[in-house]
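A.B. asks: Structure supplied as start39.csv; contents: CSV, C-alpha atoms.
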chain,number,residue,atom,x,y,z
A,1,MET,CA,-9.1,-0.1,5.7
A,2,THR,CA,-10.1,2.8,8.0
A,3,ASN,CA,-7.6,5.0,9.8
A,4,GLU,CA,-8.6,3.4,13.1
A,5,GLU,CA,-8.1,-0.1,11.7
A,6,LEU,CA,-4.8,0.9,10.2
A,7,VAL,CA,-3.5,2.3,13.5
A,8,ASN,CA,-4.9,-0.6,15.5
A,9,THR,CA,-3.1,-3.1,13.2
A,10,VAL,CA,0.3,-1.4,12.8
A,11,CYS,CA,1.0,0.3,16.1
A,12,PRO,CA,0.9,-2.7,18.4
A,13,ILE,CA,3.4,-4.6,16.1
A,14,LEU,CA,5.7,-1.6,16.0
A,15,ASN,CA,5.4,-1.3,19.8
A,16,ASP,CA,6.3,-4.9,20.3
A,17,ASN,CA,9.2,-5.0,17.9
A,18,GLY,CA,10.6,-1.4,17.5
A,19,TRP,CA,12.7,-1.8,20.6
A,20,LYS,CA,14.4,-5.1,19.8
A,21,TYR,CA,17.7,-3.5,19.1
A,22,TYR,CA,18.1,-2.4,22.7
A,23,PHE,CA,19.9,-5.4,24.1
A,24,THR,CA,21.2,-7.2,21.1
A,25,PRO,CA,24.8,-8.7,21.1
A,26,ASN,CA,25.8,-5.7,19.1
A,27,ALA,CA,24.3,-3.3,21.6
A,28,ILE,CA,26.2,-5.0,24.4
A,29,GLU,CA,29.4,-4.8,22.4
A,30,VAL,CA,29.0,-1.2,21.6
A,31,SER,CA,28.1,-0.3,25.2
A,32,LYS,CA,31.2,-2.0,26.5
A,33,SER,CA,33.3,-0.3,23.9
A,34,MET,CA,32.0,3.0,25.3
A,35,GLY,CA,32.6,2.0,28.9
A,36,LEU,CA,28.9,1.8,29.7
A,37,LYS,CA,26.8,-0.8,31.5
A,38,GLY,CA,23.6,-2.2,30.0
A,39,MET,CA,21.1,0.2,31.7
A,40,GLU,CA,23.4,3.1,31.2
A,41,PHE,CA,23.5,2.5,27.4
A,42,TYR,CA,19.8,1.9,27.3
A,43,VAL,CA,18.9,5.1,29.1
A,44,ALA,CA,21.5,7.4,27.6
A,45,GLY,CA,21.2,5.7,24.2
A,46,ARG,CA,17.5,6.0,23.9
A,47,GLY,CA,17.4,9.5,25.6
A,48,GLY,CA,20.7,10.7,24.1
A,49,CYS,CA,19.1,12.4,21.2
A,50,MET,CA,17.6,14.8,23.7
A,51,GLY,CA,21.1,16.2,24.2
A,52,ASP,CA,22.7,17.7,27.3
A,53,CYS,CA,19.8,17.8,29.8
A,54,GLU,CA,19.0,16.7,33.3
A,55,GLY,CA,18.2,13.0,33.9
A,56,SER,CA,14.8,14.2,35.3
A,57,VAL,CA,13.9,15.5,31.9
A,58,VAL,CA,14.7,12.1,30.3
A,59,ALA,CA,12.7,10.4,33.0
A,60,ALA,CA,9.7,12.6,32.1
A,61,ALA,CA,10.1,11.9,28.4
A,62,PHE,CA,10.3,8.1,29.0
A,63,GLY,CA,7.5,7.8,31.6
A,64,TYR,CA,6.7,4.6,33.4
A,65,PHE,CA,10.1,4.2,35.1
A,66,ASN,CA,10.9,5.3,38.6
A,67,PRO,CA,12.6,8.6,37.9
A,68,VAL,CA,15.4,7.7,40.4
A,69,ILE,CA,16.5,4.8,38.2
A,70,ILE,CA,16.6,6.8,35.0
A,71,ASN,CA,18.3,9.8,36.6
A,72,ALA,CA,21.0,7.6,38.1
A,73,ALA,CA,21.7,5.7,34.9
A,74,TRP,CA,21.7,9.0,32.9
A,75,ASN,CA,24.2,10.7,35.2
A,76,LEU,CA,26.6,7.7,35.2
A,77,ALA,CA,26.5,7.4,31.5
A,78,THR,CA,26.9,11.1,30.6
A,79,ALA,CA,29.8,11.4,33.0
A,80,LYS,CA,31.6,9.0,30.7
A,81,GLN,CA,30.4,10.0,27.2
A,82,PRO,CA,28.4,13.0,25.8
A,83,ALA,CA,24.7,12.3,25.6
A,84,ARG,CA,24.5,12.9,21.8
A,85,VAL,CA,27.4,10.5,21.2
A,86,ILE,CA,25.7,7.8,23.1
A,87,GLY,CA,22.4,8.5,21.3
A,88,ALA,CA,24.0,8.3,17.9
A,89,ALA,CA,25.7,5.0,18.8
A,90,HIS,CA,22.4,3.6,20.0
A,91,TYR,CA,20.5,4.7,16.9
A,92,GLU,CA,23.3,3.0,14.8
A,93,VAL,CA,22.7,-0.2,16.8
A,94,ALA,CA,19.1,0.0,15.4
A,95,ALA,CA,20.5,0.4,11.9
A,96,GLN,CA,22.8,-2.6,12.3
A,97,LEU,CA,19.9,-4.8,13.5
A,98,GLY,CA,18.0,-3.8,10.3
A,99,ARG,CA,21.0,-4.7,8.2
A,100,GLU,CA,21.2,-8.1,9.9
A,101,LYS,CA,17.5,-9.0,9.9
A,102,LEU,CA,15.6,-7.1,7.2
A,103,ALA,CA,17.8,-7.1,4.1
A,104,ASP,CA,15.9,-10.0,2.5
A,105,MET,CA,12.4,-9.0,3.7
A,106,VAL,CA,9.8,-9.1,1.0
A,107,GLY,CA,8.2,-5.6,0.4
A,108,LEU,CA,11.0,-3.8,2.4
A,109,SER,CA,11.2,-0.8,0.1
A,110,GLU,CA,7.4,-0.2,0.0
A,111,PHE,CA,7.2,-0.7,3.8
A,112,THR,CA,10.0,1.7,4.5
A,113,ALA,CA,8.5,4.3,2.2
A,114,ALA,CA,5.1,4.1,3.9
A,115,MET,CA,6.7,4.4,7.3
A,116,GLU,CA,8.7,7.4,6.2
A,117,LYS,CA,5.6,9.1,4.9
A,118,VAL,CA,3.9,8.6,8.3
A,119,PHE,CA,7.1,9.7,10.1
A,120,ASN,CA,7.4,12.9,8.0
A,121,ALA,CA,3.7,13.7,8.6
A,122,ALA,CA,3.8,13.1,12.4
A,123,ASP,CA,3.6,16.3,14.3
A,124,PRO,CA,6.3,16.3,17.1
A,125,ASP,CA,4.7,19.2,19.0
A,126,GLY,CA,4.5,18.3,22.7
A,127,LEU,CA,6.1,14.9,22.1
A,128,ALA,CA,9.5,15.4,23.5
A,129,LEU,CA,11.1,12.0,23.0
A,130,PHE,CA,9.7,11.6,19.5
A,131,ALA,CA,10.8,15.1,18.6
A,132,ALA,CA,14.3,14.2,19.6
A,133,PHE,CA,14.2,10.9,17.6
A,134,LYS,CA,12.9,12.9,14.6
A,135,SER,CA,16.0,15.1,14.8
A,136,MET,CA,18.3,12.2,14.2
A,137,PRO,CA,19.7,11.6,10.7
A,138,LEU,CA,18.3,8.3,9.2
A,139,ALA,CA,20.6,5.7,7.6
A,140,GLU,CA,20.9,5.8,3.8
A,141,ASP,CA,20.5,2.0,3.3
A,142,THR,CA,17.0,0.7,3.3
A,143,PRO,CA,17.2,-2.2,5.9
A,144,ALA,CA,18.9,0.1,8.4
A,145,ARG,CA,16.5,3.0,7.7
A,146,ALA,CA,13.5,0.7,8.1
A,147,MET,CA,14.6,-0.3,11.6
A,148,GLN,CA,15.3,3.3,12.7
A,149,LEU,CA,11.9,4.4,11.3
A,150,ALA,CA,10.1,1.6,13.2
A,151,ALA,CA,11.9,2.6,16.4
A,152,SER,CA,11.0,6.2,15.8
A,153,LEU,CA,7.3,5.5,15.1
A,154,ARG,CA,7.2,3.4,18.3
A,155,GLU,CA,8.4,6.5,20.1
A,156,PHE,CA,5.7,8.6,18.3
A,157,ARG,CA,2.9,6.5,19.7
A,158,GLY,CA,4.6,6.2,23.1
A,159,SER,CA,5.0,9.9,23.5
A,160,ALA,CA,1.4,10.5,22.4
A,161,HIS,CA,0.3,7.8,24.9
A,162,LEU,CA,1.9,9.8,27.8
A,163,ILE,CA,-0.1,12.8,26.8
A,164,ALA,CA,-3.3,10.8,26.6
A,165,ILE,CA,-2.7,9.2,30.0
A,166,ARG,CA,-2.3,12.6,31.6
A,167,ALA,CA,-5.3,14.0,29.7
A,168,VAL,CA,-7.7,11.4,31.2
A,169,GLY,CA,-6.3,12.0,34.7
A,170,LEU,CA,-3.9,9.1,35.2
A,171,THR,CA,-0.1,8.9,35.8
A,172,SER,CA,2.2,6.9,33.7
A,173,LYS,CA,2.9,4.8,36.9
A,174,GLN,CA,-0.7,3.9,37.1
A,175,ALA,CA,-0.8,3.1,33.4
A,176,HIS,CA,2.3,0.9,33.8
A,177,TYR,CA,0.7,-1.1,36.6
A,178,VAL,CA,-2.4,-1.7,34.5
A,179,LYS,CA,-0.7,-2.7,31.3
A,180,ARG,CA,2.4,-4.5,32.6
A,181,PRO,CA,2.0,-5.5,36.2
A,182,ASN,CA,4.6,-8.1,36.0
A,183,ASP,CA,7.3,-5.7,34.8
A,184,VAL,CA,7.1,-3.0,37.4
A,185,LYS,CA,10.0,-4.2,39.5
A,186,GLY,CA,12.2,-4.0,36.4
A,187,PHE,CA,11.1,-0.4,36.0
A,188,GLY,CA,12.3,0.5,39.5
A,189,TRP,CA,9.1,0.3,41.5
A,190,GLY,CA,8.9,-1.5,44.9
A,191,GLU,CA,5.9,-3.3,46.3
A,192,ASP,CA,5.2,-0.5,48.7
A,193,GLU,CA,4.9,2.0,45.8
A,194,ALA,CA,2.1,0.3,44.0
A,195,PRO,CA,-0.7,2.7,43.1
A,196,VAL,CA,-4.4,1.9,43.4
A,197,VAL,CA,-5.6,0.1,40.3
A,198,ASP,CA,-9.4,-0.4,40.3
A,199,ASP,CA,-12.2,-0.5,37.7
A,200,GLN,CA,-12.2,3.3,37.4
A,201,VAL,CA,-8.5,3.3,36.6
A,202,ARG,CA,-8.9,0.5,34.0
A,203,ALA,CA,-11.8,2.4,32.4
A,204,LEU,CA,-9.7,5.5,32.2
A,205,MET,CA,-6.9,3.5,30.5
A,206,VAL,CA,-9.4,2.4,27.8
A,207,GLN,CA,-10.1,6.1,27.2
A,208,ALA,CA,-6.4,6.8,27.1
A,209,GLU,CA,-5.9,4.2,24.4
A,210,HIS,CA,-8.6,5.7,22.3
A,211,LEU,CA,-7.2,9.2,22.7
A,212,THR,CA,-3.7,7.9,21.8
A,213,ASP,CA,-5.1,6.5,18.6
A,214,ALA,CA,-6.8,9.8,17.9
A,215,LEU,CA,-3.5,11.6,18.3
A,216,CYS,CA,-1.7,9.2,15.9
A,217,ILE,CA,-4.4,9.0,13.2
A,218,PRO,CA,-3.6,12.3,11.4
A,219,ALA,CA,-0.1,11.0,10.6
A,220,TYR,CA,-1.2,7.6,9.3
A,221,SER,CA,-4.2,9.2,7.4
A,222,VAL,CA,-1.8,10.6,4.8
A,223,LEU,CA,-1.3,7.1,3.3
A,224,ASN,CA,-3.2,6.1,0.2
A,225,ASP,CA,-4.7,2.6,-0.3
A,226,ALA,CA,-1.6,1.1,-1.8
A,227,GLU,CA,0.6,2.5,0.9
A,228,ARG,CA,-1.7,1.2,3.6
A,229,LYS,CA,-1.5,-2.3,2.2
A,230,ALA,CA,2.3,-2.0,2.0
A,231,LEU,CA,2.5,-0.9,5.6
A,232,VAL,CA,0.2,-3.6,6.9
A,233,ALA,CA,1.9,-6.4,4.9
A,234,GLY,CA,5.3,-4.9,5.7
A,235,VAL,CA,4.8,-4.7,9.5
A,236,LYS,CA,3.8,-8.4,9.6
A,237,ALA,CA,6.9,-9.4,7.6
A,238,PHE,CA,9.0,-7.1,9.8
A,239,GLU,CA,7.7,-8.9,12.9
A,240,ALA,CA,8.5,-12.3,11.4
A,241,ALA,CA,12.0,-11.1,10.4
A,242,LEU,CA,12.8,-10.1,14.0
A,243,ALA,CA,11.2,-13.1,15.6
Please, can you express the file's structure as structure tokens?
C.D. replies:
Amino acid sequence: MTNEELVNTVCPILNDNGWKYYFTPNAIEVSKSMGLKGMEFYVAGRGGCMGDCEGSVVAAAFGYFNPVIINAAWNLATAKQPARVIGAAHYEVAAQLGREKLADMVGLSEFTAAMEKVFNAADPDGLALFAAFKSMPLAEDTPARAMQLAASLREFRGSAHLIAIRAVGLTSKQAHYVKRPNDVKGFGWGEDEAPVVDDQVRALMVQAEHLTDALCIPAYSVLNDAERKALVAGVKAFEAALA
């Protein structure tokens, strides 16, 4: 399996499943225990590992969202709890989902080891949100660690994708309207704020996807053949376990 094939197989599954701890019953319970509403816990939880910063910084690290929405939720949340406390609680929610869903997963140890090797090899330079996730301590138990690594590798590609989008001359807002046009309202954008999306923009998005892959490939290229097989088999079992 080539590096390109590996990235194209693994990354979409991590992207579609690495976020699934965000709004679990446990996430809702933890957010309520901290006095936070759902969006507040999502924003300050996902961004809390960035520490005590402005909401505009978190918005820039997230991309895609209307910054007004992120800034408001961040300010409300961090007025109640310290950012890092919320971030640690959010990361623990990921760990708990792993314990609930992944403990019996076939090939879990090999899958986790392969992800961790990629995680350790991934260069965080210029990738603000991934760099913050990489600073978080990982859980000791394998099911929890696997879910946290999956979430972190999702942020790795997501952060790289923001760089790629800007490199080809697009904004994350344009990218969002291309990839998920039905979700833009939920990300805080109104109908009158829609950007132009034409064939040129779509062609640039294709370029951005290829560039994103190129940015991620060095980290995944460290895996040997056995580790690649473990990662591919594991990510499919991971997806099934979370379904």
A.B. asks: For the point (22.9, -12.2, 13.0) in file coordinates, what residues are within 10 Å, counting only C-alpha atoms? Give the answer as an mmCIF file with C-alpha atoms, in the coordinates of the input?
C.D. replies:
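Saved result, selection-v4.cif, follows:
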data_model
loop_
_atom_site.group_PDB
_atom_site.id
_atom_site.type_symbol
_atom_site.label_atom_id
_atom_site.label_comp_id
_atom_site.auth_asym_id
_atom_site.auth_seq_id
_atom_site.Cartn_x
_atom_site.Cartn_y
_atom_site.Cartn_z
ATOM 1 C CA THR A 24 21.200 -7.200 21.100
ATOM 2 C CA PRO A 25 24.800 -8.700 21.100
ATOM 3 C CA ASN A 26 25.800 -5.700 19.100
ATOM 4 C CA GLN A 96 22.800 -2.600 12.300
ATOM 5 C CA LEU A 97 19.900 -4.800 13.500
ATOM 6 C CA ARG A 99 21.000 -4.700 8.200
ATOM 7 C CA GLU A 100 21.200 -8.100 9.900
ATOM 8 C CA LYS A 101 17.500 -9.000 9.900
#
A.B. asks: Suppose you want the space between CA of Ala95 (chain A) and CA of Asn17 (chain A); what is it in Å?
C.D. replies: 13.9 Å
A.B. asks: As a PyMOL selection string, please: the residues near Ala160 (chain A) (cut-off 7 Å, all atoms listed in the file, same-chain neighbours under 6 positions excluded).
C.D. replies: chain A and resi 127+212+215
A.B. asks: Mind giving me the straight-line distance from CA of Tyr91 (chain A) to CA of Leu129 (chain A) in Å, one decimal?
C.D. replies: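 Calculated distance between CA of Tyr91 (chain A) and CA of Leu129 (chain A) is 13.4 Å.
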A.B. asks: Within 8 Å of region 61-64 of chain A, which residues of region 161-208 of chain A come that close, and what is the closest atom pair and distance in Å for each? Count only C-alpha atoms and give it as CSV.
C.D. replies:
residue,atom,partner,partner_atom,distance
A:Leu162,CA,A:Gly63,CA,7.1
A:Ser172,CA,A:Tyr64,CA,5.1
A:Lys173,CA,A:Tyr64,CA,5.2
A:Ala175,CA,A:Tyr64,CA,7.6
A:His176,CA,A:Tyr64,CA,5.8
A:Phe187,CA,A:Tyr64,CA,7.1
A.B. asks: What gap, in Å, lies between CA of Cys53 (chain A) and CA of Glu209 (chain A)?
C.D. replies: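 According to the coordinates, CA of Cys53 (chain A) and CA of Glu209 (chain A) are separated by 29.6 Å.
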A.B. asks: Which polymer residues have any atom within 10 Å of an atom of region 216-228 of chain A, counting all atoms listed in the file, with same-chain residues fewer than 6 positions away left out, as a list in words?
C.D. replies: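 Listed by chain and then number, they are Met1, Thr2, Asn3, Glu4, Glu5, Leu6, Val7, Asn8, Val10, Cys11, Glu110, Phe111, Ala113, Ala114, Met115, Lys117, Val118, Phe119, Asn120, Ala121, Ala122, Asp123, Leu153, Phe156, Arg157, Ala160, His161 and Gly234 of chain A.
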A.B. asks: Between A:Val58, A:Leu211, A:Val197, A:Ala144, which one has atoms that come closest to Ala132 (chain A), using all atoms listed in the file?
C.D. replies: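 When distances to Ala132 (chain A) are compared using all atoms listed in the file, the smallest one comes from A:Val58.
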A.B. asks: For a cut-off of 9 Å around (12.8, 14.5, 14.4), file coordinates, pick out all residues using all atoms listed in the file and list them as a VMD selection string.
C.D. replies: chain A and resid 119 to 120 124 130 to 137 152
A.B. asks: So, counting only C-alpha atoms, which residue among A:Ile70, A:Gln174, A:Glu239, A:Gly35 is closest to Met105 (chain A)?
C.D. replies: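 Comparing A:Ile70, A:Gln174, A:Glu239, A:Gly35 against Met105 (chain A), the winner is A:Glu239.
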A.B. asks: Need to verify the contact set: Ser56 (chain A), 8 Å, only C-alpha atoms, exclusion of same-chain residues closer than 2 positions in sequence. Can you return it as a VMD selection string?
C.D. replies: chain A and resid 54 58 to 60 67 70 to 71
A.B. asks: Taking into account all atoms listed in the file, which residue in the set A:Ala83, A:Ala146, A:Met50, A:Ala214 is nearest to Leu102 (chain A)?
C.D. replies: A:Ala146
